[in-house]
Amino acid sequence: MSTLDTFPYPIPEFGTEPYWAAANVGELRVQRCLDCRRLRWEPAPLCLDCQSQKHEWALLSGRGHLTTWTEITHPVHPAAFAKVPYLVVEVELVEQAGLKMISNLINTTAAQVEIGAAVSVTFVAHPNGQHLPVFRLDAP
Amino acid sequence: MELLRDKTCIVGIGHTEYSRDSGRSELTLACEAIGAAIADAGLRPSDIDGLTKYTMDNNDPVDIARNLGIPELRFTGEVAYGGGGGPVGTILLAAMAVATGQARTVVAFRAMNERSGRGTARFGQASNAAGAAGLHSYQSPYGLFSPAQMVALAARRHMHLYGTKSEHFGEIAVACRQHANFNPNAMMYGRPMTLEDHQNSRMIASPLHLLDCCLETDGGAAVVITRADHARDLAHSPVYISGIGFGGGAWNHRSIVKDMDSVHSESTVIAKHIFRDAGITQADIDVAFISDHFTPLVLMALEDYGFCQRGEGKDFVGNGRLRWPDGELPMNTSGGNLSEGYLHGMQNNIEAVRQLRGVARCQVKDARYAFIAAGNAVPTSAMILRHDR
């Protein structure tokens with residue numbers, strides 16, 4: 001596989017392996033602080049609210065709504081030439097106000113997208129085998 | 001800090017031409033720009049004993065000192081966060097060094113071949129790495145690479161929350177281009193642009209058009225900083241650093257994906273003290289330099305620094321307010337990052353000094369106070385410069 005045929009794959013690191021391992025079995029899991037119970041994305045070693053290191057990997061519903069989006073039409077990576085236009089979105093997840101993550105919105109076009117639209121997670125495999133959480137619009 | 005008010009001055013400015021391909025090394029560009037700034041101050045390289053730089057600048061102060069004939073370095077320092085921390089942060093470091101006597105005269109510089117890619121990678125292009133770690137592991141696999149793409153997300157949110165339209169971003173681009181057309185050193189000199197041109201330019205990452213995005217540039221730019229009591233006998237009347245600061249905050253956003261739902265930001269960290277430190281208000285500013293890496297970020301900076309309230313940027317930039325000569329707050333009067341060149345903000349400092357010396361091409365009459373905000377949406381830096389007149 002030429003590295004330029006695809007977007008980069010994520011490299012799991014200390015403390016982030018469970019996030020990527022969950023994606024590989026079709027689960028969206030984020031850290032929940034065991035002291036203050038706040039959720040956080042992306043993975044971080046300390047709770048951003050109370051600085052505790054203690055956490056569990058909470059299974060989320062994968063449901064949320066779009067807070068913002070962009071349709072990328074200008075390719076800045078060799079693999080993007082075959083992919084443009086594509087949609088990068090920010091999703092606020094239903095489990096906690098302000099719990100937002102960056103992802104792709106798939107199986108739709110910019111004309112169908114609006115802020116506030118309900119979305120649900122699904123998973124796509126990167127050519128290297130790692131699955132990525134992405135989103136699709138809920139049926140109206 | 002108020003302790004620094006008017007204690008230090010910018011006494012020299014220098015730059016190379018701004019181009020798509022400089023045809024020489026980044027070290028050559030640095031030496032040319034720094035040498036020009038030292039000469040502009042009426043000094044010699046042997047008068048310089050400190051250099052401050054951006055962390056991402058490839059030039060080593062030792063290489064510069066050897067080539068320029070600077071015999072001794074008593075101070076060096078680097079500031080992170082590129083066009084955010086760098087443009088004014090390097091001047092902040094220099095000002096602190098000379099105010100405390102750790103050095104006598106320090107040069108802050110930026111020199112790079114970003115456009116040609118001969119030395120510095122193009123910021124607008126993704127790297128060819130096969131895998132992405134850290135923050136990039138949550139962005140690159142989704143095809144989110146470039147600053148323009150990240151700014152697009154915040155711009156769309158701002159439009160949603162406040163009714164801002166692409167035409168408001170366009171007004172910023174048109175103002176900068178208008179000023180660049182008075183500046184033969186501007187990369188976009190001789191290329192007028194209308195709001196219609198802006199609207200018709202191709203989409204990069206919606207809602208950002210091509211003409212919402214800054215240039216990429218090869219070149220060098222530098223400024224010389226010394227203590228006020230050393231500044232009075234030099235070649236030009238001194239430009240005082242009245243208020244200056246670095247700001248990072250609002251950790252609810254990462255990278256350049258600015259969180260528009262928070263009223264706190266890297267910029268508001270500085271806004272809280274910089275005007276107080278200088279003893280003035282926003283209304284006292286005669287000419288503004290707001291980093292125009294992307295047009296929406298100019299509008300957000302005007303809001304965050306208190307020139308208007310959050311959400312009012314769209315009205316503030318209307319009626320030609322930012323355009324010289326008739327606007328109330330002429331901005332980026334040499335063309336800015338959008339149309340002069342993008343030396344990661346250092347070139348805006350040079351034009352601010354020209355304005356206060358009274359020698360700018362788009363000269364604001366009797367300009368006394370200039371406000372300079374470096375790139376926002378990353379940890380940033382800002383200052384207020386003053387001239388006695």
# chains A, B, ... in the order shown; residues from 1 in each chain; ligands from 1
$ residues_around --residues "segment 64-78 of chain A" --least-positions-apart "2" --cutoff "6 Å" --atoms "only C-alpha atoms" --output "list in words"
Leu4, Ala80, Phe81, Val84, Pro85, Tyr86, Leu87, Val88, Val89, Glu90, Val91, Glu92, Leu93, Val94, Ile115, Gly116, Ala117, Ala118 and Val119 of chain A; Gln125, Ala126, Leu153, Arg157, Ile204, Ala205 and Ser206 of chain B
$ write_last_selection --atoms "N, CA, C and O atoms" --output "mmCIF file, in the first residue's frame"
data_model
loop_
_atom_site.group_PDB
_atom_site.id
_atom_site.type_symbol
_atom_site.label_atom_id
_atom_site.label_comp_id
_atom_site.auth_asym_id
_atom_site.auth_seq_id
_atom_site.Cartn_x
_atom_site.Cartn_y
_atom_site.Cartn_z
ATOM 1 N N LEU A 4 0.607 7.287 0.029
ATOM 2 C CA LEU A 4 -0.060 8.466 -0.505
ATOM 3 C C LEU A 4 -1.406 8.158 -1.127
ATOM 4 O O LEU A 4 -2.117 9.037 -1.566
ATOM 5 N N ALA A 80 -6.464 12.930 -1.365
ATOM 6 C CA ALA A 80 -7.688 13.736 -1.379
ATOM 7 C C ALA A 80 -8.211 13.951 -2.795
ATOM 8 O O ALA A 80 -9.393 14.215 -2.985
ATOM 9 N N PHE A 81 -7.335 13.818 -3.788
ATOM 10 C CA PHE A 81 -7.780 14.061 -5.161
ATOM 11 C C PHE A 81 -8.925 13.123 -5.540
ATOM 12 O O PHE A 81 -9.843 13.505 -6.252
ATOM 13 N N VAL A 84 -12.302 14.250 -2.915
ATOM 14 C CA VAL A 84 -13.062 15.500 -2.912
ATOM 15 C C VAL A 84 -14.281 15.392 -3.817
ATOM 16 O O VAL A 84 -14.199 14.724 -4.856
ATOM 17 N N PRO A 85 -15.408 16.026 -3.443
ATOM 18 C CA PRO A 85 -15.588 16.701 -2.161
ATOM 19 C C PRO A 85 -15.901 15.717 -1.039
ATOM 20 O O PRO A 85 -16.537 14.694 -1.276
ATOM 21 N N TYR A 86 -15.425 16.025 0.159
ATOM 22 C CA TYR A 86 -15.789 15.214 1.326
ATOM 23 C C TYR A 86 -16.115 16.123 2.495
ATOM 24 O O TYR A 86 -15.738 17.297 2.498
ATOM 25 N N LEU A 87 -16.854 15.574 3.442
ATOM 26 C CA LEU A 87 -17.397 16.378 4.533
ATOM 27 C C LEU A 87 -16.674 16.068 5.841
ATOM 28 O O LEU A 87 -16.622 14.914 6.270
ATOM 29 N N VAL A 88 -16.108 17.100 6.457
ATOM 30 C CA VAL A 88 -15.570 16.999 7.814
ATOM 31 C C VAL A 88 -16.549 17.713 8.737
ATOM 32 O O VAL A 88 -16.995 18.828 8.427
ATOM 33 N N VAL A 89 -16.902 17.056 9.813
ATOM 34 C CA VAL A 89 -17.946 17.589 10.700
ATOM 35 C C VAL A 89 -17.470 17.594 12.143
ATOM 36 O O VAL A 89 -16.536 16.868 12.519
ATOM 37 N N GLU A 90 -18.138 18.421 12.935
ATOM 38 C CA GLU A 90 -17.999 18.348 14.385
ATOM 39 C C GLU A 90 -19.349 17.884 14.919
ATOM 40 O O GLU A 90 -20.392 18.454 14.557
ATOM 41 N N VAL A 91 -19.318 16.859 15.754
ATOM 42 C CA VAL A 91 -20.542 16.266 16.290
ATOM 43 C C VAL A 91 -20.563 16.455 17.799
ATOM 44 O O VAL A 91 -19.586 16.140 18.488
ATOM 45 N N GLU A 92 -21.668 16.982 18.304
ATOM 46 C CA GLU A 92 -21.873 17.036 19.760
ATOM 47 C C GLU A 92 -22.672 15.798 20.144
ATOM 48 O O GLU A 92 -23.774 15.569 19.638
ATOM 49 N N LEU A 93 -22.093 14.978 21.006
ATOM 50 C CA LEU A 93 -22.683 13.687 21.357
ATOM 51 C C LEU A 93 -23.757 13.860 22.439
ATOM 52 O O LEU A 93 -23.656 14.755 23.296
ATOM 53 N N VAL A 94 -24.775 13.014 22.371
ATOM 54 C CA VAL A 94 -25.948 13.226 23.235
ATOM 55 C C VAL A 94 -25.639 13.020 24.719
ATOM 56 O O VAL A 94 -26.348 13.533 25.573
ATOM 57 N N ILE A 115 -26.530 22.427 10.188
ATOM 58 C CA ILE A 115 -26.174 22.388 11.603
ATOM 59 C C ILE A 115 -27.405 21.991 12.407
ATOM 60 O O ILE A 115 -28.506 22.468 12.145
ATOM 61 N N GLY A 116 -27.210 21.131 13.372
ATOM 62 C CA GLY A 116 -28.311 20.653 14.197
ATOM 63 C C GLY A 116 -28.847 19.306 13.761
ATOM 64 O O GLY A 116 -29.591 18.663 14.504
ATOM 65 N N ALA A 117 -28.476 18.869 12.559
ATOM 66 C CA ALA A 117 -28.980 17.596 12.050
ATOM 67 C C ALA A 117 -28.545 16.438 12.953
ATOM 68 O O ALA A 117 -27.405 16.395 13.427
ATOM 69 N N ALA A 118 -29.464 15.509 13.185
ATOM 70 C CA ALA A 118 -29.167 14.337 14.015
ATOM 71 C C ALA A 118 -28.324 13.353 13.217
ATOM 72 O O ALA A 118 -28.588 13.100 12.037
ATOM 73 N N VAL A 119 -27.323 12.803 13.879
ATOM 74 C CA VAL A 119 -26.412 11.863 13.220
ATOM 75 C C VAL A 119 -26.136 10.687 14.154
ATOM 76 O O VAL A 119 -26.330 10.775 15.365
ATOM 77 N N GLN B 125 -0.287 22.398 2.795
ATOM 78 C CA GLN B 125 -0.233 21.051 2.235
ATOM 79 C C GLN B 125 -0.006 20.039 3.358
ATOM 80 O O GLN B 125 0.693 20.324 4.323
ATOM 81 N N ALA B 126 -0.593 18.856 3.202
ATOM 82 C CA ALA B 126 -0.407 17.813 4.197
ATOM 83 C C ALA B 126 0.977 17.186 4.044
ATOM 84 O O ALA B 126 1.554 17.186 2.957
ATOM 85 N N LEU B 153 -14.392 25.260 9.856
ATOM 86 C CA LEU B 153 -15.345 24.738 10.836
ATOM 87 C C LEU B 153 -15.796 25.844 11.799
ATOM 88 O O LEU B 153 -16.982 25.966 12.117
ATOM 89 N N ARG B 157 -19.572 27.875 12.104
ATOM 90 C CA ARG B 157 -20.269 27.996 13.390
ATOM 91 C C ARG B 157 -20.581 29.467 13.695
ATOM 92 O O ARG B 157 -21.660 29.787 14.187
ATOM 93 N N ILE B 204 -12.433 26.443 -1.166
ATOM 94 C CA ILE B 204 -11.334 25.606 -0.673
ATOM 95 C C ILE B 204 -11.891 24.585 0.309
ATOM 96 O O ILE B 204 -11.718 23.371 0.150
ATOM 97 N N ALA B 205 -12.515 25.102 1.342
ATOM 98 C CA ALA B 205 -13.214 24.287 2.335
ATOM 99 C C ALA B 205 -14.369 25.165 2.782
ATOM 100 O O ALA B 205 -14.150 26.165 3.460
ATOM 101 N N SER B 206 -15.577 24.821 2.366
ATOM 102 C CA SER B 206 -16.699 25.739 2.569
ATOM 103 C C SER B 206 -16.847 26.057 4.060
ATOM 104 O O SER B 206 -16.686 25.157 4.882
#
$ interface_residues --of "chain B" --to "chain A" --cutoff "9 Å" --atoms "only C-alpha atoms" --output "number ranges by chain"
B: 124-146, 149-150, 152-157, 160, 202-208, 251-252
$ write_last_selection --atoms "N, CA and C atoms" --output "compact mmCIF listing (two decimals), in the first residue's frame"
# COMPACT_ATOMS: atom_id res chain seq x y z
N GLY B 124 -0.05 24.88 3.87
CA GLY B 124 -1.32 24.56 3.23
C GLY B 124 -1.35 23.18 2.61
N GLN B 125 -0.29 22.40 2.80
CA GLN B 125 -0.23 21.05 2.23
C GLN B 125 -0.01 20.04 3.36
N ALA B 126 -0.59 18.86 3.20
CA ALA B 126 -0.41 17.81 4.20
C ALA B 126 0.98 17.19 4.04
N SER B 127 1.49 16.66 5.13
CA SER B 127 2.74 15.91 5.04
C SER B 127 2.45 14.54 4.43
N ASN B 128 3.51 13.85 4.05
CA ASN B 128 3.33 12.54 3.42
C ASN B 128 3.45 11.38 4.39
N ALA B 129 3.37 11.67 5.69
CA ALA B 129 3.51 10.61 6.67
C ALA B 129 2.40 9.57 6.51
N ALA B 130 2.73 8.31 6.67
CA ALA B 130 1.75 7.24 6.50
C ALA B 130 0.79 7.17 7.68
N GLY B 131 1.30 7.48 8.87
CA GLY B 131 0.48 7.42 10.07
C GLY B 131 0.48 8.74 10.79
N ALA B 132 -0.54 8.94 11.63
CA ALA B 132 -0.67 10.20 12.36
C ALA B 132 -0.78 9.91 13.85
N ALA B 133 -0.01 10.64 14.65
CA ALA B 133 -0.02 10.44 16.10
C ALA B 133 -0.55 11.69 16.78
N GLY B 134 -0.80 11.56 18.09
CA GLY B 134 -1.21 12.70 18.88
C GLY B 134 -2.50 13.31 18.34
N LEU B 135 -2.60 14.62 18.42
CA LEU B 135 -3.81 15.30 17.95
C LEU B 135 -4.11 14.96 16.50
N HIS B 136 -3.06 14.80 15.69
CA HIS B 136 -3.29 14.52 14.27
C HIS B 136 -4.01 13.19 14.04
N SER B 137 -3.90 12.27 14.99
CA SER B 137 -4.54 10.98 14.79
C SER B 137 -6.06 11.09 14.83
N TYR B 138 -6.57 12.22 15.32
CA TYR B 138 -8.02 12.44 15.33
C TYR B 138 -8.46 13.37 14.21
N GLN B 139 -7.52 13.79 13.38
CA GLN B 139 -7.85 14.74 12.30
C GLN B 139 -7.43 14.21 10.93
N SER B 140 -6.16 13.84 10.80
CA SER B 140 -5.64 13.45 9.48
C SER B 140 -6.37 12.26 8.87
N PRO B 141 -6.75 11.23 9.65
CA PRO B 141 -7.46 10.11 9.01
C PRO B 141 -8.78 10.52 8.38
N TYR B 142 -9.33 11.66 8.81
CA TYR B 142 -10.58 12.17 8.25
C TYR B 142 -10.34 13.17 7.12
N GLY B 143 -9.07 13.37 6.77
CA GLY B 143 -8.77 14.32 5.71
C GLY B 143 -8.80 15.76 6.18
N LEU B 144 -8.67 15.97 7.49
CA LEU B 144 -8.59 17.32 8.04
C LEU B 144 -7.12 17.62 8.30
N PHE B 145 -6.54 18.44 7.44
CA PHE B 145 -5.09 18.67 7.49
C PHE B 145 -4.72 20.15 7.66
N SER B 146 -5.30 20.97 6.83
CA SER B 146 -4.75 22.32 6.67
C SER B 146 -5.45 23.33 7.57
N GLN B 149 -8.90 24.38 6.40
CA GLN B 149 -9.99 23.43 6.66
C GLN B 149 -10.48 23.55 8.10
N MET B 150 -9.56 23.78 9.02
CA MET B 150 -9.94 23.88 10.44
C MET B 150 -10.66 25.20 10.71
N ALA B 152 -12.40 26.75 8.61
CA ALA B 152 -13.72 26.66 7.98
C ALA B 152 -14.77 26.19 8.98
N LEU B 153 -14.39 25.26 9.86
CA LEU B 153 -15.35 24.74 10.84
C LEU B 153 -15.80 25.84 11.80
N ALA B 154 -14.84 26.65 12.27
CA ALA B 154 -15.20 27.75 13.18
C ALA B 154 -15.98 28.83 12.45
N ALA B 155 -15.60 29.09 11.20
CA ALA B 155 -16.29 30.13 10.43
C ALA B 155 -17.76 29.76 10.23
N ARG B 156 -18.00 28.49 9.89
CA ARG B 156 -19.39 28.04 9.70
C ARG B 156 -20.18 28.19 10.99
N ARG B 157 -19.57 27.88 12.10
CA ARG B 157 -20.27 28.00 13.39
C ARG B 157 -20.58 29.47 13.69
N HIS B 160 -23.49 30.52 11.71
CA HIS B 160 -24.72 29.94 12.25
C HIS B 160 -25.20 30.70 13.48
N ARG B 202 -12.76 30.18 -6.16
CA ARG B 202 -13.18 28.80 -5.92
C ARG B 202 -13.20 28.48 -4.42
N MET B 203 -14.06 27.54 -4.08
CA MET B 203 -14.19 27.13 -2.70
C MET B 203 -12.99 26.24 -2.36
N ILE B 204 -12.43 26.44 -1.17
CA ILE B 204 -11.33 25.61 -0.67
C ILE B 204 -11.89 24.58 0.31
N ALA B 205 -12.51 25.10 1.34
CA ALA B 205 -13.21 24.29 2.33
C ALA B 205 -14.37 25.16 2.78
N SER B 206 -15.58 24.82 2.37
CA SER B 206 -16.70 25.74 2.57
C SER B 206 -16.85 26.06 4.06
N PRO B 207 -17.11 27.29 4.45
CA PRO B 207 -17.43 28.44 3.61
C PRO B 207 -16.22 29.27 3.15
N LEU B 208 -15.02 28.73 3.26
CA LEU B 208 -13.83 29.51 2.88
C LEU B 208 -13.54 29.40 1.39
N TRP B 251 -9.14 25.95 26.66
CA TRP B 251 -8.62 24.65 26.23
C TRP B 251 -9.70 23.72 25.72
N ASN B 252 -10.94 24.25 25.64
CA ASN B 252 -12.01 23.42 25.07
C ASN B 252 -11.86 23.31 23.56
$ select_by_dssp --residues "segment 2-93 of chain A" --states "strand (DSSP E)" --output "number ranges by chain"
A: 9-10, 29-33, 39-40, 55-59, 63-72, 86-93
$ write_last_selection --atoms "N, CA and C atoms" --output "tab-separated table (two decimals), in the first residue's frame"
chain	number	residue	atom	x	y	z
A	9	TYR	N	-3.23	6.74	8.64
A	9	TYR	CA	-3.95	5.96	9.65
A	9	TYR	C	-3.60	6.51	11.03
A	10	PRO	N	-4.51	6.32	12.00
A	10	PRO	CA	-4.18	6.77	13.35
A	10	PRO	C	-3.21	5.81	14.01
A	29	ARG	N	-16.17	4.47	22.30
A	29	ARG	CA	-15.92	4.59	23.75
A	29	ARG	C	-15.03	5.79	24.00
A	30	VAL	N	-15.39	6.57	25.00
A	30	VAL	CA	-14.54	7.69	25.42
A	30	VAL	C	-14.29	7.57	26.91
A	31	GLN	N	-13.32	8.34	27.40
A	31	GLN	CA	-12.99	8.26	28.81
A	31	GLN	C	-14.06	8.95	29.67
A	32	ARG	N	-14.46	8.27	30.75
A	32	ARG	CA	-15.32	8.89	31.76
A	32	ARG	C	-14.51	8.95	33.05
A	33	CYS	N	-14.41	10.13	33.63
A	33	CYS	CA	-13.67	10.32	34.87
A	33	CYS	C	-14.38	9.56	35.99
A	39	LEU	N	-17.25	13.14	30.82
A	39	LEU	CA	-16.70	12.46	29.64
A	39	LEU	C	-15.76	13.40	28.91
A	40	ARG	N	-14.80	12.83	28.18
A	40	ARG	CA	-13.91	13.69	27.40
A	40	ARG	C	-13.52	13.05	26.07
A	55	HIS	N	-10.07	6.72	35.26
A	55	HIS	CA	-11.14	6.77	34.26
A	55	HIS	C	-11.52	5.37	33.83
A	56	GLU	N	-12.70	5.29	33.20
A	56	GLU	CA	-13.12	4.07	32.53
A	56	GLU	C	-13.44	4.44	31.09
A	57	TRP	N	-13.52	3.42	30.23
A	57	TRP	CA	-13.85	3.69	28.82
A	57	TRP	C	-15.35	3.45	28.64
A	58	ALA	N	-16.11	4.53	28.62
A	58	ALA	CA	-17.57	4.46	28.60
A	58	ALA	C	-18.07	4.23	27.18
A	59	LEU	N	-18.98	3.29	27.06
A	59	LEU	CA	-19.61	3.02	25.77
A	59	LEU	C	-20.69	4.06	25.51
A	63	ARG	N	-24.93	8.58	19.14
A	63	ARG	CA	-25.88	9.54	18.59
A	63	ARG	C	-25.46	10.97	18.97
A	64	GLY	N	-25.76	11.89	18.09
A	64	GLY	CA	-25.42	13.28	18.35
A	64	GLY	C	-26.01	14.18	17.28
A	65	HIS	N	-25.55	15.42	17.26
A	65	HIS	CA	-25.99	16.34	16.21
A	65	HIS	C	-24.81	17.17	15.73
A	66	LEU	N	-24.95	17.69	14.53
A	66	LEU	CA	-23.86	18.46	13.92
A	66	LEU	C	-23.80	19.85	14.53
A	67	THR	N	-22.61	20.25	14.96
A	67	THR	CA	-22.44	21.62	15.45
A	67	THR	C	-21.77	22.50	14.39
A	68	THR	N	-20.98	21.91	13.52
A	68	THR	CA	-20.45	22.64	12.37
A	68	THR	C	-19.89	21.63	11.38
A	69	TRP	N	-19.64	22.10	10.18
A	69	TRP	CA	-19.17	21.21	9.11
A	69	TRP	C	-18.48	22.00	8.04
A	70	THR	N	-17.68	21.32	7.24
A	70	THR	CA	-17.09	21.93	6.04
A	70	THR	C	-17.06	20.89	4.93
A	71	GLU	N	-17.31	21.37	3.73
A	71	GLU	CA	-17.14	20.52	2.56
A	71	GLU	C	-15.78	20.87	1.96
A	72	ILE	N	-14.88	19.91	1.98
A	72	ILE	CA	-13.52	20.13	1.49
A	72	ILE	C	-13.48	19.82	0.00
A	86	TYR	N	-15.42	16.03	0.16
A	86	TYR	CA	-15.79	15.21	1.33
A	86	TYR	C	-16.12	16.12	2.49
A	87	LEU	N	-16.85	15.57	3.44
A	87	LEU	CA	-17.40	16.38	4.53
A	87	LEU	C	-16.67	16.07	5.84
A	88	VAL	N	-16.11	17.10	6.46
A	88	VAL	CA	-15.57	17.00	7.81
A	88	VAL	C	-16.55	17.71	8.74
A	89	VAL	N	-16.90	17.06	9.81
A	89	VAL	CA	-17.95	17.59	10.70
A	89	VAL	C	-17.47	17.59	12.14
A	90	GLU	N	-18.14	18.42	12.94
A	90	GLU	CA	-18.00	18.35	14.39
A	90	GLU	C	-19.35	17.88	14.92
A	91	VAL	N	-19.32	16.86	15.75
A	91	VAL	CA	-20.54	16.27	16.29
A	91	VAL	C	-20.56	16.46	17.80
A	92	GLU	N	-21.67	16.98	18.30
A	92	GLU	CA	-21.87	17.04	19.76
A	92	GLU	C	-22.67	15.80	20.14
A	93	LEU	N	-22.09	14.98	21.01
A	93	LEU	CA	-22.68	13.69	21.36
A	93	LEU	C	-23.76	13.86	22.44
$ residues_around --residues "Met187 of chain B" --least-positions-apart "6" --cutoff "12 Å" --atoms "only C-alpha atoms" --output "ChimeraX atom specification"
/B:17-21,115,176-177,179-181,214-219,334-343
$ residues_around --residues "Asp63 of chain B" --least-positions-apart "6" --cutoff "12 Å" --atoms "only C-alpha atoms" --output "list in words"
Glu26, Leu27, Thr28, Ala30, Cys31, Leu51, Gly69, Ile70, Pro71 and Leu73 of chain B
$ atom_distance --atom1 "atom CA of Ile91 of chain B" --atom2 "atom CA of Gly247 of chain B"
14.0 Å
